[in-house]
Amino acid sequence: GGSMNSLSGIGVLSIILLILLGVTWLFLIAYIIYAYVFTSLSLHRISSRRNYSKPWLAWIPICNTWLFGEIASDYDSQNGKDSRWGRKLLTFYFLYCGFYIVGECLSSSMSFSSEPDLGALIIALVLILIAFAFVIVYTVLYYICLYKIFKSTAENKAIVYFLISLFVPIAQPLCLFLCRNKGYPYAIEEPKNII
């Protein structure tokens with residue numbers, strides 16, 4: 001009797017854990033879709049208002065990172081600065097990805113070896129640490145660009161939107177979405193070719 005109860009207890013616990021895991025995955029997928037759609041809609045609308053020739057880049061992963069930076073650069077150019085945020089964001093994004101992938105591949109290849117090479121393990125660790133440094137720089141640049149986008153679209157609420165986005169990251173796509181129809185639209189006939 002006692003062993004049967006403990007087995008059924010384990011079965012119930014397993015079911016509860018599976019349900020929790022499923023619910024967590026559903027929330028994660030819902031968040032990814034929400035963040036992608038709201039951010040893409042916002043970047044598309046802001047870049048359309050600024051008369052960019054290719055606002056649809058907002059819907060393409062990686063290209064939307066570059067467009068995000070270019071919108072921030074546009075704000076700087078209004079103030080006489082040439083900042084090229086899109087290029088900087090992509091550079092650090094690709095550096096992070098490259099170092100991380102090489103470090104992970106190196107470390108994974110050693111897991112198949114019967115005697116791991118200590119030197120290769122140290123190199124893999126250093127590469128992953130460098131990747132971590134690049135992702136920190138990328139994140140700082142991203143938030144600088146985000147602030148500039150808020151400043152160019154909702155100047156009076158820029159600090160509020162920025163702080164909300166910084167401390168409640170789940171609200172960042174919504175803050176961008178609230179800014180999509182604000183800011184300076186251009187009255188230029190010819191679209192800006194940003195590529």
# chains A, B, ... in the order shown; residues from 1 in each chain; ligands from 1
$ closest_atom_pairs --of "segment 8-101 of chain A" --to "segment 116-139 of chain A" --cutoff "6 Å" --atoms "only C-alpha atoms" --output "CSV"
residue,atom,partner,partner_atom,distance
A:Phe92,CA,A:Tyr138,CA,5.5
A:Tyr96,CA,A:Ala131,CA,4.5
A:Phe99,CA,A:Ala131,CA,5.2
A:Tyr100,CA,A:Ile128,CA,5.1
$ write_last_selection --atoms "all heavy atoms" --output "PDB file, in the first residue's frame"
ATOM      1  N   PHE A  92      28.367  44.607 -32.976  1.00  0.00           N
ATOM      2  CA  PHE A  92      28.472  43.931 -31.691  1.00  0.00           C
ATOM      3  C   PHE A  92      27.584  42.700 -31.607  1.00  0.00           C
ATOM      4  O   PHE A  92      27.933  41.726 -30.942  1.00  0.00           O
ATOM      5  CB  PHE A  92      28.207  44.908 -30.536  1.00  0.00           C
ATOM      6  CG  PHE A  92      29.388  45.784 -30.279  1.00  0.00           C
ATOM      7  CD1 PHE A  92      29.429  47.076 -30.770  1.00  0.00           C
ATOM      8  CD2 PHE A  92      30.485  45.304 -29.584  1.00  0.00           C
ATOM      9  CE1 PHE A  92      30.526  47.883 -30.562  1.00  0.00           C
ATOM     10  CE2 PHE A  92      31.596  46.098 -29.366  1.00  0.00           C
ATOM     11  CZ  PHE A  92      31.627  47.390 -29.857  1.00  0.00           C
ATOM     12  N   TYR A  96      29.304  39.114 -30.883  1.00  0.00           N
ATOM     13  CA  TYR A  96      28.789  38.257 -29.808  1.00  0.00           C
ATOM     14  C   TYR A  96      28.476  36.863 -30.345  1.00  0.00           C
ATOM     15  O   TYR A  96      28.922  35.851 -29.794  1.00  0.00           O
ATOM     16  CB  TYR A  96      27.540  38.881 -29.173  1.00  0.00           C
ATOM     17  CG  TYR A  96      26.647  37.868 -28.506  1.00  0.00           C
ATOM     18  CD1 TYR A  96      27.043  37.235 -27.333  1.00  0.00           C
ATOM     19  CD2 TYR A  96      25.428  37.509 -29.075  1.00  0.00           C
ATOM     20  CE1 TYR A  96      26.238  36.271 -26.733  1.00  0.00           C
ATOM     21  CE2 TYR A  96      24.622  36.553 -28.483  1.00  0.00           C
ATOM     22  CZ  TYR A  96      25.037  35.944 -27.311  1.00  0.00           C
ATOM     23  OH  TYR A  96      24.243  34.984 -26.737  1.00  0.00           O
ATOM     24  N   PHE A  99      31.790  34.833 -31.452  1.00  0.00           N
ATOM     25  CA  PHE A  99      32.601  34.348 -30.333  1.00  0.00           C
ATOM     26  C   PHE A  99      31.855  33.285 -29.524  1.00  0.00           C
ATOM     27  O   PHE A  99      32.445  32.290 -29.106  1.00  0.00           O
ATOM     28  CB  PHE A  99      33.024  35.513 -29.421  1.00  0.00           C
ATOM     29  CG  PHE A  99      34.250  36.223 -29.905  1.00  0.00           C
ATOM     30  CD1 PHE A  99      34.157  37.248 -30.833  1.00  0.00           C
ATOM     31  CD2 PHE A  99      35.505  35.875 -29.440  1.00  0.00           C
ATOM     32  CE1 PHE A  99      35.282  37.912 -31.290  1.00  0.00           C
ATOM     33  CE2 PHE A  99      36.648  36.527 -29.886  1.00  0.00           C
ATOM     34  CZ  PHE A  99      36.535  37.548 -30.815  1.00  0.00           C
ATOM     35  N   TYR A 100      30.568  33.494 -29.317  1.00  0.00           N
ATOM     36  CA  TYR A 100      29.790  32.535 -28.533  1.00  0.00           C
ATOM     37  C   TYR A 100      29.702  31.189 -29.251  1.00  0.00           C
ATOM     38  O   TYR A 100      29.910  30.136 -28.640  1.00  0.00           O
ATOM     39  CB  TYR A 100      28.391  33.077 -28.243  1.00  0.00           C
ATOM     40  CG  TYR A 100      27.595  32.155 -27.360  1.00  0.00           C
ATOM     41  CD1 TYR A 100      27.818  32.125 -25.981  1.00  0.00           C
ATOM     42  CD2 TYR A 100      26.643  31.303 -27.896  1.00  0.00           C
ATOM     43  CE1 TYR A 100      27.108  31.259 -25.160  1.00  0.00           C
ATOM     44  CE2 TYR A 100      25.934  30.432 -27.086  1.00  0.00           C
ATOM     45  CZ  TYR A 100      26.167  30.422 -25.722  1.00  0.00           C
ATOM     46  OH  TYR A 100      25.467  29.559 -24.921  1.00  0.00           O
TER      47      TYR A 100
END
$ residues_around --residues "Lys88 of chain A" --least-positions-apart "5" --cutoff "9 Å" --atoms "only C-alpha atoms" --output "mmCIF file with N, CA, C and O atoms, in the first residue's frame"
data_model
loop_
_atom_site.group_PDB
_atom_site.id
_atom_site.type_symbol
_atom_site.label_atom_id
_atom_site.label_comp_id
_atom_site.auth_asym_id
_atom_site.auth_seq_id
_atom_site.Cartn_x
_atom_site.Cartn_y
_atom_site.Cartn_z
ATOM 1 N N TRP A 66 19.173 46.580 -37.275
ATOM 2 C CA TRP A 66 19.846 47.653 -38.009
ATOM 3 C C TRP A 66 18.911 48.861 -38.173
ATOM 4 O O TRP A 66 19.309 50.006 -37.947
ATOM 5 N N GLY A 69 18.614 50.882 -35.035
ATOM 6 C CA GLY A 69 19.756 51.781 -34.893
ATOM 7 C C GLY A 69 19.689 52.967 -35.829
ATOM 8 O O GLY A 69 20.069 54.091 -35.465
ATOM 9 N N SER A 83 26.080 59.305 -36.221
ATOM 10 C CA SER A 83 26.364 58.272 -35.217
ATOM 11 C C SER A 83 26.384 56.836 -35.739
ATOM 12 O O SER A 83 27.010 55.985 -35.146
ATOM 13 N N TYR A 93 26.472 42.709 -32.316
ATOM 14 C CA TYR A 93 25.606 41.527 -32.365
ATOM 15 C C TYR A 93 26.341 40.354 -33.010
ATOM 16 O O TYR A 93 26.358 39.244 -32.485
ATOM 17 N N TYR A 138 26.583 45.506 -26.583
ATOM 18 C CA TYR A 138 25.412 45.559 -27.460
ATOM 19 C C TYR A 138 24.185 46.049 -26.686
ATOM 20 O O TYR A 138 23.436 46.901 -27.170
ATOM 21 N N LEU A 141 24.394 49.780 -26.010
ATOM 22 C CA LEU A 141 24.110 50.526 -27.241
ATOM 23 C C LEU A 141 22.625 50.459 -27.594
ATOM 24 O O LEU A 141 22.032 51.456 -28.036
#
$ residues_around --residues "Thr39 of chain A" --least-positions-apart "4" --cutoff "12 Å" --atoms "only C-alpha atoms" --output "PyMOL selection string"
chain A and resi 31-35+43-46+57-61+64-65+67-68+146+170-180
$ decode --residues "segment 6-56 of chain A" --atoms "N, CA and C atoms" --output "PDB file, in the first residue's frame"
ATOM      1  N   SER A   6       3.277   6.156  -2.858  1.00  0.00           N
ATOM      2  CA  SER A   6       4.425   6.987  -3.238  1.00  0.00           C
ATOM      3  C   SER A   6       4.586   7.029  -4.750  1.00  0.00           C
ATOM      4  N   LEU A   7       4.264   5.910  -5.438  1.00  0.00           N
ATOM      5  CA  LEU A   7       4.340   5.904  -6.900  1.00  0.00           C
ATOM      6  C   LEU A   7       3.290   6.832  -7.501  1.00  0.00           C
ATOM      7  N   SER A   8       2.071   6.799  -6.956  1.00  0.00           N
ATOM      8  CA  SER A   8       1.039   7.683  -7.493  1.00  0.00           C
ATOM      9  C   SER A   8       1.357   9.135  -7.164  1.00  0.00           C
ATOM     10  N   GLY A   9       2.029   9.376  -6.015  1.00  0.00           N
ATOM     11  CA  GLY A   9       2.463  10.732  -5.671  1.00  0.00           C
ATOM     12  C   GLY A   9       3.485  11.254  -6.659  1.00  0.00           C
ATOM     13  N   ILE A  10       4.391  10.365  -7.067  1.00  0.00           N
ATOM     14  CA  ILE A  10       5.396  10.746  -8.069  1.00  0.00           C
ATOM     15  C   ILE A  10       4.718  11.024  -9.409  1.00  0.00           C
ATOM     16  N   GLY A  11       3.716  10.219  -9.755  1.00  0.00           N
ATOM     17  CA  GLY A  11       2.986  10.432 -11.010  1.00  0.00           C
ATOM     18  C   GLY A  11       2.259  11.766 -11.027  1.00  0.00           C
ATOM     19  N   VAL A  12       1.619  12.115  -9.912  1.00  0.00           N
ATOM     20  CA  VAL A  12       0.914  13.398  -9.811  1.00  0.00           C
ATOM     21  C   VAL A  12       1.901  14.553  -9.899  1.00  0.00           C
ATOM     22  N   LEU A  13       3.038  14.412  -9.202  1.00  0.00           N
ATOM     23  CA  LEU A  13       4.078  15.450  -9.239  1.00  0.00           C
ATOM     24  C   LEU A  13       4.611  15.627 -10.658  1.00  0.00           C
ATOM     25  N   SER A  14       4.817  14.515 -11.363  1.00  0.00           N
ATOM     26  CA  SER A  14       5.294  14.586 -12.749  1.00  0.00           C
ATOM     27  C   SER A  14       4.296  15.319 -13.644  1.00  0.00           C
ATOM     28  N   ILE A  15       3.016  15.011 -13.459  1.00  0.00           N
ATOM     29  CA  ILE A  15       1.978  15.671 -14.259  1.00  0.00           C
ATOM     30  C   ILE A  15       1.951  17.167 -13.965  1.00  0.00           C
ATOM     31  N   ILE A  16       2.047  17.530 -12.680  1.00  0.00           N
ATOM     32  CA  ILE A  16       2.053  18.952 -12.300  1.00  0.00           C
ATOM     33  C   ILE A  16       3.259  19.657 -12.917  1.00  0.00           C
ATOM     34  N   LEU A  17       4.431  19.013 -12.853  1.00  0.00           N
ATOM     35  CA  LEU A  17       5.642  19.610 -13.446  1.00  0.00           C
ATOM     36  C   LEU A  17       5.514  19.759 -14.954  1.00  0.00           C
ATOM     37  N   LEU A  18       4.933  18.775 -15.621  1.00  0.00           N
ATOM     38  CA  LEU A  18       4.716  18.858 -17.070  1.00  0.00           C
ATOM     39  C   LEU A  18       3.753  19.995 -17.421  1.00  0.00           C
ATOM     40  N   ILE A  19       2.699  20.141 -16.626  1.00  0.00           N
ATOM     41  CA  ILE A  19       1.745  21.230 -16.865  1.00  0.00           C
ATOM     42  C   ILE A  19       2.428  22.579 -16.676  1.00  0.00           C
ATOM     43  N   LEU A  20       3.210  22.709 -15.598  1.00  0.00           N
ATOM     44  CA  LEU A  20       3.943  23.963 -15.361  1.00  0.00           C
ATOM     45  C   LEU A  20       4.925  24.262 -16.493  1.00  0.00           C
ATOM     46  N   LEU A  21       5.613  23.227 -16.957  1.00  0.00           N
ATOM     47  CA  LEU A  21       6.546  23.404 -18.073  1.00  0.00           C
ATOM     48  C   LEU A  21       5.801  23.838 -19.339  1.00  0.00           C
ATOM     49  N   GLY A  22       4.652  23.204 -19.601  1.00  0.00           N
ATOM     50  CA  GLY A  22       3.849  23.570 -20.768  1.00  0.00           C
ATOM     51  C   GLY A  22       3.342  25.002 -20.698  1.00  0.00           C
ATOM     52  N   VAL A  23       2.855  25.405 -19.522  1.00  0.00           N
ATOM     53  CA  VAL A  23       2.360  26.770 -19.340  1.00  0.00           C
ATOM     54  C   VAL A  23       3.501  27.778 -19.503  1.00  0.00           C
ATOM     55  N   THR A  24       4.687  27.439 -18.963  1.00  0.00           N
ATOM     56  CA  THR A  24       5.853  28.316 -19.111  1.00  0.00           C
ATOM     57  C   THR A  24       6.213  28.487 -20.579  1.00  0.00           C
ATOM     58  N   TRP A  25       6.222  27.387 -21.332  1.00  0.00           N
ATOM     59  CA  TRP A  25       6.521  27.467 -22.761  1.00  0.00           C
ATOM     60  C   TRP A  25       5.473  28.290 -23.512  1.00  0.00           C
ATOM     61  N   LEU A  26       4.204  28.114 -23.155  1.00  0.00           N
ATOM     62  CA  LEU A  26       3.149  28.901 -23.802  1.00  0.00           C
ATOM     63  C   LEU A  26       3.334  30.395 -23.546  1.00  0.00           C
ATOM     64  N   PHE A  27       3.662  30.762 -22.293  1.00  0.00           N
ATOM     65  CA  PHE A  27       3.905  32.172 -21.974  1.00  0.00           C
ATOM     66  C   PHE A  27       5.119  32.699 -22.730  1.00  0.00           C
ATOM     67  N   LEU A  28       6.168  31.891 -22.820  1.00  0.00           N
ATOM     68  CA  LEU A  28       7.376  32.301 -23.536  1.00  0.00           C
ATOM     69  C   LEU A  28       7.085  32.533 -25.016  1.00  0.00           C
ATOM     70  N   ILE A  29       6.363  31.606 -25.625  1.00  0.00           N
ATOM     71  CA  ILE A  29       6.008  31.750 -27.044  1.00  0.00           C
ATOM     72  C   ILE A  29       5.107  32.968 -27.245  1.00  0.00           C
ATOM     73  N   ALA A  30       4.130  33.148 -26.348  1.00  0.00           N
ATOM     74  CA  ALA A  30       3.236  34.315 -26.445  1.00  0.00           C
ATOM     75  C   ALA A  30       4.034  35.617 -26.306  1.00  0.00           C
ATOM     76  N   TYR A  31       4.999  35.644 -25.386  1.00  0.00           N
ATOM     77  CA  TYR A  31       5.826  36.852 -25.212  1.00  0.00           C
ATOM     78  C   TYR A  31       6.664  37.131 -26.454  1.00  0.00           C
ATOM     79  N   ILE A  32       7.256  36.105 -27.037  1.00  0.00           N
ATOM     80  CA  ILE A  32       8.086  36.285 -28.233  1.00  0.00           C
ATOM     81  C   ILE A  32       7.236  36.844 -29.374  1.00  0.00           C
ATOM     82  N   ILE A  33       6.036  36.302 -29.556  1.00  0.00           N
ATOM     83  CA  ILE A  33       5.144  36.783 -30.621  1.00  0.00           C
ATOM     84  C   ILE A  33       4.732  38.237 -30.343  1.00  0.00           C
ATOM     85  N   TYR A  34       4.332  38.516 -29.106  1.00  0.00           N
ATOM     86  CA  TYR A  34       3.937  39.879 -28.715  1.00  0.00           C
ATOM     87  C   TYR A  34       5.085  40.872 -28.953  1.00  0.00           C
ATOM     88  N   ALA A  35       6.283  40.522 -28.483  1.00  0.00           N
ATOM     89  CA  ALA A  35       7.432  41.430 -28.621  1.00  0.00           C
ATOM     90  C   ALA A  35       7.771  41.648 -30.087  1.00  0.00           C
ATOM     91  N   TYR A  36       7.758  40.572 -30.880  1.00  0.00           N
ATOM     92  CA  TYR A  36       8.086  40.687 -32.303  1.00  0.00           C
ATOM     93  C   TYR A  36       7.064  41.552 -33.040  1.00  0.00           C
ATOM     94  N   VAL A  37       5.783  41.273 -32.835  1.00  0.00           N
ATOM     95  CA  VAL A  37       4.733  41.993 -33.565  1.00  0.00           C
ATOM     96  C   VAL A  37       4.695  43.469 -33.160  1.00  0.00           C
ATOM     97  N   PHE A  38       4.685  43.753 -31.870  1.00  0.00           N
ATOM     98  CA  PHE A  38       4.589  45.147 -31.426  1.00  0.00           C
ATOM     99  C   PHE A  38       5.838  45.952 -31.805  1.00  0.00           C
ATOM    100  N   THR A  39       7.023  45.342 -31.671  1.00  0.00           N
ATOM    101  CA  THR A  39       8.248  46.043 -32.036  1.00  0.00           C
ATOM    102  C   THR A  39       8.300  46.271 -33.545  1.00  0.00           C
ATOM    103  N   SER A  40       7.962  45.259 -34.325  1.00  0.00           N
ATOM    104  CA  SER A  40       7.991  45.395 -35.792  1.00  0.00           C
ATOM    105  C   SER A  40       6.979  46.423 -36.274  1.00  0.00           C
ATOM    106  N   LEU A  41       5.756  46.378 -35.744  1.00  0.00           N
ATOM    107  CA  LEU A  41       4.744  47.381 -36.111  1.00  0.00           C
ATOM    108  C   LEU A  41       5.242  48.789 -35.803  1.00  0.00           C
ATOM    109  N   SER A  42       5.859  48.936 -34.634  1.00  0.00           N
ATOM    110  CA  SER A  42       6.338  50.251 -34.203  1.00  0.00           C
ATOM    111  C   SER A  42       7.452  50.750 -35.095  1.00  0.00           C
ATOM    112  N   LEU A  43       8.459  49.906 -35.346  1.00  0.00           N
ATOM    113  CA  LEU A  43       9.587  50.322 -36.193  1.00  0.00           C
ATOM    114  C   LEU A  43       9.122  50.600 -37.622  1.00  0.00           C
ATOM    115  N   HIS A  44       8.186  49.785 -38.112  1.00  0.00           N
ATOM    116  CA  HIS A  44       7.651  50.000 -39.463  1.00  0.00           C
ATOM    117  C   HIS A  44       6.964  51.361 -39.550  1.00  0.00           C
ATOM    118  N   ARG A  45       6.132  51.666 -38.576  1.00  0.00           N
ATOM    119  CA  ARG A  45       5.394  52.935 -38.587  1.00  0.00           C
ATOM    120  C   ARG A  45       6.326  54.134 -38.417  1.00  0.00           C
ATOM    121  N   ILE A  46       7.267  54.040 -37.481  1.00  0.00           N
ATOM    122  CA  ILE A  46       8.194  55.159 -37.253  1.00  0.00           C
ATOM    123  C   ILE A  46       9.039  55.405 -38.497  1.00  0.00           C
ATOM    124  N   SER A  47       9.563  54.332 -39.108  1.00  0.00           N
ATOM    125  CA  SER A  47      10.397  54.516 -40.300  1.00  0.00           C
ATOM    126  C   SER A  47       9.562  54.993 -41.493  1.00  0.00           C
ATOM    127  N   SER A  48       8.295  54.601 -41.571  1.00  0.00           N
ATOM    128  CA  SER A  48       7.412  55.119 -42.632  1.00  0.00           C
ATOM    129  C   SER A  48       7.171  56.610 -42.447  1.00  0.00           C
ATOM    130  N   ARG A  49       6.951  57.030 -41.205  1.00  0.00           N
ATOM    131  CA  ARG A  49       6.731  58.454 -40.921  1.00  0.00           C
ATOM    132  C   ARG A  49       7.967  59.287 -41.251  1.00  0.00           C
ATOM    133  N   ARG A  50       9.128  58.658 -41.170  1.00  0.00           N
ATOM    134  CA  ARG A  50      10.373  59.370 -41.482  1.00  0.00           C
ATOM    135  C   ARG A  50      10.749  59.206 -42.945  1.00  0.00           C
ATOM    136  N   ASN A  51       9.836  58.608 -43.701  1.00  0.00           N
ATOM    137  CA  ASN A  51       9.970  58.497 -45.147  1.00  0.00           C
ATOM    138  C   ASN A  51      11.142  57.609 -45.576  1.00  0.00           C
ATOM    139  N   TYR A  52      11.427  56.561 -44.813  1.00  0.00           N
ATOM    140  CA  TYR A  52      12.468  55.610 -45.223  1.00  0.00           C
ATOM    141  C   TYR A  52      11.953  54.810 -46.402  1.00  0.00           C
ATOM    142  N   SER A  53      12.845  54.431 -47.294  1.00  0.00           N
ATOM    143  CA  SER A  53      12.430  53.712 -48.503  1.00  0.00           C
ATOM    144  C   SER A  53      12.089  52.247 -48.235  1.00  0.00           C
ATOM    145  N   LYS A  54      12.584  51.681 -47.145  1.00  0.00           N
ATOM    146  CA  LYS A  54      12.352  50.256 -46.885  1.00  0.00           C
ATOM    147  C   LYS A  54      11.871  50.012 -45.447  1.00  0.00           C
ATOM    148  N   PRO A  55      10.690  50.515 -45.080  1.00  0.00           N
ATOM    149  CA  PRO A  55      10.206  50.302 -43.708  1.00  0.00           C
ATOM    150  C   PRO A  55       9.894  48.841 -43.406  1.00  0.00           C
ATOM    151  N   TRP A  56       9.700  48.014 -44.442  1.00  0.00           N
ATOM    152  CA  TRP A  56       9.400  46.602 -44.259  1.00  0.00           C
ATOM    153  C   TRP A  56      10.566  45.839 -43.619  1.00  0.00           C
TER     154      TRP A  56
END
